[in-house]
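As stored in run_22.cif (mmCIF, C-alpha atoms):
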```
data_structure
#
loop_
_atom_site.label_atom_id
_atom_site.label_comp_id
_atom_site.auth_asym_id
_atom_site.auth_seq_id
_atom_site.Cartn_x
_atom_site.Cartn_y
_atom_site.Cartn_z
CA MET A 194 13.44 -207.87 72.33
CA ASN A 195 11.88 -205.07 74.30
CA GLN A 196 13.32 -201.64 73.82
CA THR A 197 14.04 -199.54 76.89
CA ILE A 198 14.13 -195.84 76.19
CA ARG A 199 16.55 -194.01 78.45
CA ALA A 200 17.15 -190.36 79.20
CA GLU A 201 20.05 -188.85 77.33
CA MET A 202 20.33 -185.92 79.71
CA VAL A 203 19.03 -184.53 82.95
CA ALA A 204 15.51 -183.19 82.41
CA ASN A 205 12.12 -182.43 83.89
CA VAL A 206 9.27 -184.63 82.68
CA LEU A 207 6.58 -182.25 81.44
CA GLU A 208 4.14 -184.71 79.96
CA VAL A 209 3.64 -188.43 79.49
CA SER A 210 1.69 -188.83 76.26
CA VAL A 211 1.03 -192.58 76.40
CA VAL A 212 -0.19 -195.18 78.89
CA VAL A 213 0.79 -198.80 79.38
CA GLY A 214 -0.93 -200.90 76.73
CA ASP A 215 -0.92 -198.21 74.04
CA GLN A 216 0.10 -199.24 70.56
CA VAL A 217 2.61 -196.71 69.24
CA SER A 218 4.15 -196.08 65.87
CA ALA A 219 7.69 -195.05 65.04
CA GLY A 220 7.90 -191.28 65.21
CA GLN A 221 5.06 -190.91 67.72
CA THR A 222 5.63 -188.65 70.69
CA LEU A 223 5.88 -190.64 73.92
CA LEU A 224 7.04 -188.04 76.41
CA LEU A 225 7.74 -184.35 76.56
CA LEU A 226 10.86 -183.39 78.47
CA GLU A 227 12.26 -180.04 79.49
CA SER A 228 16.01 -179.78 79.26
CA MET A 229 18.58 -177.34 77.93
CA LYS A 230 15.83 -174.73 78.42
CA MET A 231 13.74 -176.34 75.68
CA GLU A 232 10.82 -178.71 75.38
CA ILE A 233 12.16 -181.91 73.91
CA PRO A 234 9.84 -184.66 72.64
CA VAL A 235 10.88 -188.27 73.08
CA LEU A 236 9.75 -190.18 70.01
CA ALA A 237 9.16 -193.87 69.47
CA GLU A 238 11.79 -195.36 67.21
CA ILE A 239 9.83 -198.53 66.50
CA ASP A 240 6.24 -199.69 66.20
CA GLY A 241 5.10 -201.55 69.27
CA GLU A 242 3.26 -201.64 72.57
CA VAL A 243 4.10 -199.60 75.64
CA VAL A 244 4.68 -202.21 78.36
CA ASP A 245 6.16 -200.07 81.13
CA ILE A 246 6.42 -196.41 82.03
CA GLY A 247 8.86 -195.39 84.74
CA VAL A 248 8.19 -191.67 85.03
CA LEU A 249 5.44 -189.23 85.88
CA PRO A 250 4.96 -185.58 84.95
CA GLY A 251 7.04 -183.45 87.30
CA ASP A 252 9.73 -186.10 87.79
CA VAL A 253 13.35 -185.10 87.42
CA ILE A 254 15.29 -187.64 85.42
CA GLN A 255 19.00 -188.18 85.20
CA GLU A 256 21.07 -189.25 82.22
CA GLY A 257 20.61 -192.98 81.69
CA ASP A 258 17.39 -193.31 83.66
CA PRO A 259 14.90 -195.72 82.04
CA LEU A 260 11.82 -193.81 80.85
CA LEU A 261 9.63 -196.43 79.24
CA VAL A 262 9.73 -199.83 77.60
CA ILE A 263 8.31 -200.73 74.21
CA LYS A 264 7.62 -204.26 73.05
CA PRO A 265 8.12 -204.36 69.28
CA SER A 266 5.13 -205.35 67.17
CA SER A 267 5.44 -209.04 66.35
CA GLY A 268 6.36 -209.94 62.79
CA LYS A 269 7.16 -206.37 61.87
CA PRO A 270 10.74 -205.41 61.41
CA SER A 271 11.91 -202.47 63.43
CA SER A 272 12.17 -199.26 61.48
CA GLY A 273 15.75 -199.18 62.75
CA LYS A 274 15.98 -195.48 62.07
CA PRO A 275 17.74 -193.62 64.82
CA SER A 276 16.02 -190.33 65.52
CA SER A 277 19.07 -188.19 65.48
CA GLY A 278 19.04 -185.17 67.69
CA LYS A 279 16.20 -186.46 69.82
CA THR A 280 16.27 -187.94 73.25
CA GLY A 281 15.73 -191.54 72.40
CA ALA A 282 16.33 -195.18 72.70
CA HIS A 283 19.37 -197.24 73.23
CA GLY A 284 18.05 -200.79 73.16
CA MET B 95 39.98 -180.07 112.24
CA SER B 96 39.44 -182.46 109.38
CA PRO B 97 37.37 -181.26 106.42
CA GLU B 98 35.23 -184.39 106.84
CA ARG B 99 33.29 -182.34 109.38
CA PHE B 100 31.57 -180.62 106.43
CA ILE B 101 29.91 -183.73 105.03
CA GLY B 102 26.12 -183.34 104.97
CA ALA B 103 26.17 -179.58 105.52
CA VAL B 104 23.39 -177.84 103.61
CA GLY B 105 23.15 -174.24 102.47
CA LEU B 106 20.43 -172.26 100.77
CA SER B 107 20.46 -169.13 98.68
CA ARG B 108 17.47 -167.33 97.26
CA MET B 109 16.95 -164.61 94.67
CA THR B 110 14.21 -162.87 92.78
CA VAL B 111 15.19 -162.55 89.14
CA ARG B 112 15.72 -158.89 88.19
CA HIS B 113 16.49 -157.36 84.82
CA GLY B 114 20.15 -157.19 85.86
CA ASP B 115 20.23 -160.98 86.22
CA THR B 116 19.19 -161.75 82.66
CA ALA B 117 21.50 -163.22 80.05
CA ILE B 118 21.29 -159.93 78.18
CA ALA B 119 22.41 -157.89 81.19
CA LEU B 120 25.16 -160.36 82.13
CA GLY B 121 26.49 -160.57 78.58
CA SER B 122 26.06 -164.36 78.53
CA GLY B 123 23.33 -164.43 75.90
CA ASP B 124 20.66 -162.31 74.31
CA VAL B 125 17.45 -163.55 75.89
CA PRO B 126 15.68 -161.85 78.79
CA VAL B 127 15.76 -164.79 81.25
CA LEU B 128 17.98 -165.61 84.21
CA GLY B 129 21.46 -166.02 82.76
CA THR B 130 23.66 -169.01 83.49
CA PRO B 131 26.20 -166.82 85.36
CA GLY B 132 23.32 -165.83 87.64
CA ILE B 133 22.58 -169.50 88.32
CA ILE B 134 26.25 -170.10 89.04
CA ALA B 135 26.48 -167.14 91.42
CA LEU B 136 23.33 -168.24 93.23
CA SER B 137 24.68 -171.79 93.52
CA GLU B 138 28.07 -170.67 94.80
CA SER B 139 26.31 -168.50 97.33
CA ALA B 140 24.49 -171.62 98.59
CA THR B 141 27.83 -173.45 98.98
CA ILE B 142 29.16 -170.56 101.06
CA ALA B 143 26.06 -170.66 103.24
CA ALA B 144 26.51 -174.41 103.75
CA LEU B 145 29.99 -174.01 105.19
CA ALA B 146 29.51 -170.76 107.09
CA GLU B 147 28.95 -172.23 110.53
CA PHE B 148 31.64 -174.91 110.18
CA LEU B 149 34.66 -172.79 109.21
CA GLU B 150 37.27 -171.58 111.65
CA GLN B 151 37.96 -167.84 111.46
CA SER B 152 41.32 -168.51 109.84
CA GLU B 153 39.75 -170.67 107.15
CA THR B 154 37.94 -169.93 103.95
CA THR B 155 37.17 -171.78 100.74
CA VAL B 156 37.69 -170.92 97.11
CA GLY B 157 35.80 -172.25 94.10
CA VAL B 158 37.84 -174.46 91.79
CA ARG B 159 35.38 -176.43 89.69
CA ILE B 160 31.80 -176.05 88.52
CA GLU B 161 29.79 -178.51 86.44
CA MET B 162 26.17 -177.55 85.96
CA ASP B 163 23.23 -178.47 83.77
CA HIS B 164 21.08 -175.41 83.17
CA ILE B 165 17.81 -177.16 82.49
CA ALA B 166 14.99 -174.64 82.47
CA THR B 167 14.41 -170.92 82.35
CA ALA B 168 13.40 -168.45 85.05
CA SER B 169 11.91 -165.12 84.04
CA VAL B 170 12.17 -161.66 85.53
CA GLY B 171 10.08 -161.65 88.72
CA ASP B 172 10.47 -165.39 89.32
CA GLU B 173 12.09 -166.62 92.49
CA ALA B 174 15.04 -168.98 92.26
CA VAL B 175 16.43 -171.01 95.14
CA ALA B 176 19.72 -172.90 95.19
CA THR B 177 20.42 -175.70 97.65
CA ALA B 178 23.97 -176.96 98.13
CA THR B 179 24.81 -180.11 100.07
CA VAL B 180 28.31 -181.31 100.86
CA ALA B 181 28.38 -184.72 99.21
CA SER B 182 32.01 -185.66 99.76
CA VAL B 183 35.37 -184.41 100.90
CA VAL B 184 38.63 -185.45 99.27
CA GLY B 185 41.62 -184.05 101.09
CA LYS B 186 40.95 -180.32 101.18
CA ARG B 187 38.47 -180.47 98.29
CA ILE B 188 34.83 -180.14 99.25
CA ILE B 189 32.34 -181.39 96.64
CA PHE B 190 28.78 -180.08 96.71
CA ASP B 191 25.66 -181.36 95.02
CA VAL B 192 23.70 -178.31 93.93
CA GLN B 193 20.12 -177.95 92.77
CA CYS B 194 18.30 -174.78 91.74
CA HIS B 195 14.53 -174.59 91.70
CA SER B 196 12.05 -171.97 90.61
CA GLY B 197 8.91 -172.92 92.46
CA THR B 198 8.74 -176.69 92.09
CA ARG B 199 10.60 -176.72 88.77
CA LEU B 200 14.20 -177.88 88.73
CA ILE B 201 16.02 -175.25 86.68
CA ALA B 202 19.63 -176.33 87.21
CA GLN B 203 21.72 -178.96 88.91
CA GLY B 204 25.31 -179.96 89.15
CA THR B 205 28.38 -180.12 91.31
CA ILE B 206 30.65 -177.43 92.68
CA THR B 207 34.07 -178.07 94.18
CA ARG B 208 35.67 -175.69 96.64
CA VAL B 209 39.05 -175.99 98.32
CA LEU B 210 39.69 -175.24 101.97
CA VAL B 211 42.49 -172.69 102.36
CA ASP B 212 44.04 -170.56 105.05
CA ARG B 213 42.52 -167.13 104.49
CA VAL B 214 45.62 -165.03 105.29
CA SER B 215 48.06 -167.22 103.38
CA PHE B 216 45.78 -167.26 100.35
CA ILE B 217 45.32 -163.49 100.23
CA ALA B 218 49.03 -162.90 100.88
CA LYS B 219 50.02 -165.28 98.09
CA ALA B 220 47.61 -163.63 95.64
CA ALA B 221 48.93 -160.18 96.59
CA ALA B 222 52.54 -161.33 96.24
CA GLU B 223 51.82 -162.73 92.79
CA ALA B 224 50.13 -159.48 91.75
CA LEU B 225 53.19 -157.52 92.91
CA THR B 226 55.47 -159.84 90.96
CA ARG B 227 53.41 -159.13 87.85
CA GLY B 228 53.82 -155.42 88.50
CA ASN B 229 50.15 -154.72 89.22
#
```

Would you kindly transcribe this structure into structure tokens?
Amino acid sequence: MNQTIRAEMVANVLEVSVVVGDQVSAGQTLLLLESMKMEIPVLAEIDGEVVDIGVLPGDVIQEGDPLLVIKPSSGKPSSGKPSSGKTGAHG
Amino acid sequence: MSPERFIGAVGLSRMTVRHGDTAIALGSGDVPVLGTPGIIALSESATIAALAEFLEQSETTVGVRIEMDHIATASVGDEAVATATVASVVGKRIIFDVQCHSGTRLIAQGTITRVLVDRVSFIAKAAAEALTRGN
């Protein structure tokens, strides 16, 4: 099941580090956000392929906004490790 | 007149960040960037500007609730601009959407609620309460 990564807080999008079609690994930086006066990386929680990106650098995102969608690598179990303290995914 | 007349009103307030506006100077932190109280003051100023042309002389508003995300920093010398838009009115409560930008960067956003009051009654009540307290 595809994983939609959503914003956990209001933020500015500083950088989008991946493009649709990229293969990403758990822990890889996907986006760089600016919020709470800090740069906050959004990391992949699972291995997979980026299938959709909903934001561009300069966008302002609100809590709950979908940022990007990752299709898990087939046959590989999800790492399942929540990246605590990071803006990240909620299925 | 009904407070609904305020809906859609927009106000703007602008500042250049000075040393006196930093978190250090305001006592709200110890970094030399625009302090959150400075953002709040700028934002409230924008709400006042939004209502200015719609208020009767006998009327004023007072701030009762502020909920802001302070997202990014502004440094000394940067310009900051707050925009306040009346999003809704509930009874005498006027709720503003507020955004603060420095250049094109969003540095803060949130909502501010003000209440419409009769200016003379409000000041008289505050003075009477102060007297009661022996001030």

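In this model, the gap between CA of Glu153 (chain B) and CA of Val184 (chain B) comes to 16.8 Å.
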
Find the spatial neighbours of Arg108 (chain B), counting all atoms listed in the file, within a cut-off of 10 Å - ignore same-chain residues fewer than 3 positions away - and output them as a compact mmCIF listing (two decimals) with C-alpha atoms, in the coordinates of the input.
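And here's around.txt as it stands now:
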```txt
# COMPACT_ATOMS: atom_id res chain seq x y z
CA VAL B 111 15.19 -162.55 89.14
CA LEU B 136 23.33 -168.24 93.23
CA SER B 137 24.68 -171.79 93.52
CA SER B 139 26.31 -168.50 97.33
CA ALA B 140 24.49 -171.62 98.59
CA GLU B 173 12.09 -166.62 92.49
CA ALA B 174 15.04 -168.98 92.26
CA VAL B 175 16.43 -171.01 95.14
CA ALA B 176 19.72 -172.90 95.19
CA THR B 177 20.42 -175.70 97.65
CA CYS B 194 18.30 -174.78 91.74
CA HIS B 195 14.53 -174.59 91.70
CA SER B 196 12.05 -171.97 90.61
```

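You will find CA of Val206 (chain A) at 11.0 Å from CA of Gly247 (chain A).
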
Per residue of chain A within 10 Å of chain B, which atom pair is closest and at what distance in Å (one decimal), using only C-alpha atoms, listed by chain and increasing number, as CSV?
```
residue,atom,partner,partner_atom,distance
A:Met202,CA,B:Asp163,CA,9.0
A:Val203,CA,B:Asp163,CA,7.4
A:Ala204,CA,B:Ile165,CA,6.5
A:Asn205,CA,B:Leu200,CA,7.0
A:Glu227,CA,B:Ala166,CA,6.7
A:Ser228,CA,B:Ile165,CA,4.5
A:Met229,CA,B:Ile165,CA,4.6
A:Lys230,CA,B:Ala166,CA,4.1
A:Met231,CA,B:Ala166,CA,7.1
A:Glu232,CA,B:Ala166,CA,9.2
A:Gly251,CA,B:Arg199,CA,7.8
A:Asp252,CA,B:Leu200,CA,9.4
A:Val253,CA,B:Leu200,CA,7.4
```

Taking the file as shown, what set of residues would the PyMOL selection byres ((chain A and resi 237) around 9) give back, as a ChimeraX atom specification? /A:198,217-223,235-236,238-241,263,276,281-282

Next, the residues of the selection above should be written as a compact mmCIF listing (two decimals), keeping the file's coordinate frame with C-alpha atoms.
```txt
# COMPACT_ATOMS: atom_id res chain seq x y z
CA ILE A 198 14.13 -195.84 76.19
CA VAL A 217 2.61 -196.71 69.24
CA SER A 218 4.15 -196.08 65.87
CA ALA A 219 7.69 -195.05 65.04
CA GLY A 220 7.90 -191.28 65.21
CA GLN A 221 5.06 -190.91 67.72
CA THR A 222 5.63 -188.65 70.69
CA LEU A 223 5.88 -190.64 73.92
CA VAL A 235 10.88 -188.27 73.08
CA LEU A 236 9.75 -190.18 70.01
CA GLU A 238 11.79 -195.36 67.21
CA ILE A 239 9.83 -198.53 66.50
CA ASP A 240 6.24 -199.69 66.20
CA GLY A 241 5.10 -201.55 69.27
CA ILE A 263 8.31 -200.73 74.21
CA SER A 276 16.02 -190.33 65.52
CA GLY A 281 15.73 -191.54 72.40
CA ALA A 282 16.33 -195.18 72.70
```

Please provide as number ranges by chain all residues within 9 Å of Ala144 (chain B), with the sequence filter that same-chain residues fewer than 3 positions apart are discarded (counting only C-alpha atoms). B: 100, 103-106, 139-141, 147-148, 177-180

Taking the file as I've supplied it (selection: the PyMOL selection byres ((chain A and resi 242) around 7)), which residues are included? Please answer as a ChimeraX atom specification.
/A:214-217,241,243-244,263-266

Run the PyMOL selection byres ((chain B and resi 205-213) around 7) on the file and write out the hits as an mmCIF file with C-alpha atoms, in the frame of the given file.
```cif
data_model
loop_
_atom_site.group_PDB
_atom_site.id
_atom_site.type_symbol
_atom_site.label_atom_id
_atom_site.label_comp_id
_atom_site.auth_asym_id
_atom_site.auth_seq_id
_atom_site.Cartn_x
_atom_site.Cartn_y
_atom_site.Cartn_z
ATOM 1 C CA SER B 152 41.320 -168.510 109.840
ATOM 2 C CA GLU B 153 39.750 -170.670 107.150
ATOM 3 C CA THR B 154 37.940 -169.930 103.950
ATOM 4 C CA THR B 155 37.170 -171.780 100.740
ATOM 5 C CA VAL B 156 37.690 -170.920 97.110
ATOM 6 C CA GLY B 157 35.800 -172.250 94.100
ATOM 7 C CA VAL B 158 37.840 -174.460 91.790
ATOM 8 C CA ARG B 159 35.380 -176.430 89.690
ATOM 9 C CA ILE B 160 31.800 -176.050 88.520
ATOM 10 C CA GLU B 161 29.790 -178.510 86.440
ATOM 11 C CA MET B 162 26.170 -177.550 85.960
ATOM 12 C CA LYS B 186 40.950 -180.320 101.180
ATOM 13 C CA ARG B 187 38.470 -180.470 98.290
ATOM 14 C CA ILE B 188 34.830 -180.140 99.250
ATOM 15 C CA ILE B 189 32.340 -181.390 96.640
ATOM 16 C CA PHE B 190 28.780 -180.080 96.710
ATOM 17 C CA ASP B 191 25.660 -181.360 95.020
ATOM 18 C CA VAL B 192 23.700 -178.310 93.930
ATOM 19 C CA GLY B 204 25.310 -179.960 89.150
ATOM 20 C CA VAL B 214 45.620 -165.030 105.290
ATOM 21 C CA SER B 215 48.060 -167.220 103.380
ATOM 22 C CA PHE B 216 45.780 -167.260 100.350
ATOM 23 C CA ILE B 217 45.320 -163.490 100.230
#
```

Using the partial input, fill out region 100-135 of chain B with N, CA and C atoms; write the result as a short mmCIF file (atom, residue, chain, number, x, y, z; two decimals), in the frame of the given file.
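Below is the file that was written, out.cif:
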```cif
data_model
loop_
_atom_site.label_atom_id
_atom_site.label_comp_id
_atom_site.auth_asym_id
_atom_site.auth_seq_id
_atom_site.Cartn_x
_atom_site.Cartn_y
_atom_site.Cartn_z
N PHE B 100 32.53 -181.33 107.27
CA PHE B 100 31.57 -180.62 106.43
C PHE B 100 30.52 -181.53 105.80
N ILE B 101 30.79 -182.82 105.78
CA ILE B 101 29.91 -183.73 105.03
C ILE B 101 28.47 -183.63 105.55
N GLY B 102 27.54 -183.44 104.62
CA GLY B 102 26.12 -183.34 104.97
C GLY B 102 25.65 -181.93 105.21
N ALA B 103 26.59 -180.97 105.30
CA ALA B 103 26.17 -179.58 105.52
C ALA B 103 25.33 -179.09 104.34
N VAL B 104 24.31 -178.33 104.65
CA VAL B 104 23.39 -177.84 103.61
C VAL B 104 23.28 -176.33 103.69
N GLY B 105 23.31 -175.69 102.53
CA GLY B 105 23.15 -174.24 102.47
C GLY B 105 22.11 -173.86 101.44
N LEU B 106 21.52 -172.71 101.65
CA LEU B 106 20.43 -172.26 100.77
C LEU B 106 20.70 -170.83 100.35
N SER B 107 20.37 -170.52 99.12
CA SER B 107 20.46 -169.13 98.68
C SER B 107 19.26 -168.84 97.78
N ARG B 108 18.74 -167.64 97.91
CA ARG B 108 17.47 -167.33 97.26
C ARG B 108 17.59 -166.00 96.52
N MET B 109 16.94 -165.89 95.38
CA MET B 109 16.95 -164.61 94.67
C MET B 109 15.62 -164.42 93.94
N THR B 110 15.28 -163.18 93.71
CA THR B 110 14.21 -162.87 92.78
C THR B 110 14.88 -162.34 91.53
N VAL B 111 14.52 -162.91 90.39
CA VAL B 111 15.19 -162.55 89.14
C VAL B 111 14.83 -161.11 88.77
N ARG B 112 15.88 -160.29 88.61
CA ARG B 112 15.72 -158.89 88.19
C ARG B 112 16.28 -158.74 86.77
N HIS B 113 16.00 -157.58 86.19
CA HIS B 113 16.49 -157.36 84.82
C HIS B 113 18.02 -157.49 84.75
N GLY B 114 18.68 -157.11 85.84
CA GLY B 114 20.15 -157.19 85.86
C GLY B 114 20.68 -158.61 85.92
N ASP B 115 19.80 -159.58 86.13
CA ASP B 115 20.23 -160.98 86.22
C ASP B 115 20.03 -161.73 84.91
N THR B 116 19.50 -161.05 83.91
CA THR B 116 19.19 -161.75 82.66
C THR B 116 20.46 -161.98 81.83
N ALA B 117 20.36 -162.91 80.93
CA ALA B 117 21.50 -163.22 80.05
C ALA B 117 21.93 -161.97 79.28
N ILE B 118 20.95 -161.15 78.91
CA ILE B 118 21.29 -159.93 78.18
C ILE B 118 22.16 -159.03 79.06
N ALA B 119 21.69 -158.80 80.31
CA ALA B 119 22.41 -157.89 81.19
C ALA B 119 23.78 -158.44 81.57
N LEU B 120 23.90 -159.75 81.69
CA LEU B 120 25.16 -160.36 82.13
C LEU B 120 26.12 -160.57 80.96
N GLY B 121 25.62 -160.39 79.76
CA GLY B 121 26.49 -160.57 78.58
C GLY B 121 26.69 -162.03 78.23
N SER B 122 25.86 -162.92 78.78
CA SER B 122 26.06 -164.36 78.53
C SER B 122 25.09 -164.89 77.48
N GLY B 123 24.29 -164.01 76.90
CA GLY B 123 23.33 -164.43 75.90
C GLY B 123 22.50 -163.23 75.52
N ASP B 124 21.46 -163.46 74.70
CA ASP B 124 20.66 -162.31 74.31
C ASP B 124 19.17 -162.57 74.49
N VAL B 125 18.86 -163.34 75.55
CA VAL B 125 17.45 -163.55 75.89
C VAL B 125 17.18 -163.02 77.30
N PRO B 126 15.97 -162.52 77.52
CA PRO B 126 15.68 -161.85 78.79
C PRO B 126 15.23 -162.81 79.90
N VAL B 127 16.03 -163.86 80.15
CA VAL B 127 15.76 -164.79 81.25
C VAL B 127 17.02 -164.91 82.11
N LEU B 128 16.84 -165.48 83.30
CA LEU B 128 17.98 -165.61 84.21
C LEU B 128 19.17 -166.25 83.49
N GLY B 129 20.28 -165.54 83.47
CA GLY B 129 21.46 -166.02 82.76
C GLY B 129 22.19 -167.10 83.55
N THR B 130 22.92 -167.94 82.82
CA THR B 130 23.66 -169.01 83.49
C THR B 130 24.64 -168.46 84.54
N PRO B 131 25.34 -167.34 84.29
CA PRO B 131 26.20 -166.82 85.36
C PRO B 131 25.42 -166.49 86.64
N GLY B 132 24.16 -166.10 86.47
CA GLY B 132 23.32 -165.83 87.64
C GLY B 132 23.03 -167.10 88.42
N ILE B 133 22.80 -168.18 87.69
CA ILE B 133 22.58 -169.50 88.32
C ILE B 133 23.84 -169.93 89.07
N ILE B 134 24.98 -169.70 88.42
CA ILE B 134 26.25 -170.10 89.04
C ILE B 134 26.49 -169.30 90.32
N ALA B 135 26.25 -167.99 90.25
CA ALA B 135 26.48 -167.14 91.42
C ALA B 135 25.54 -167.55 92.57
#
```
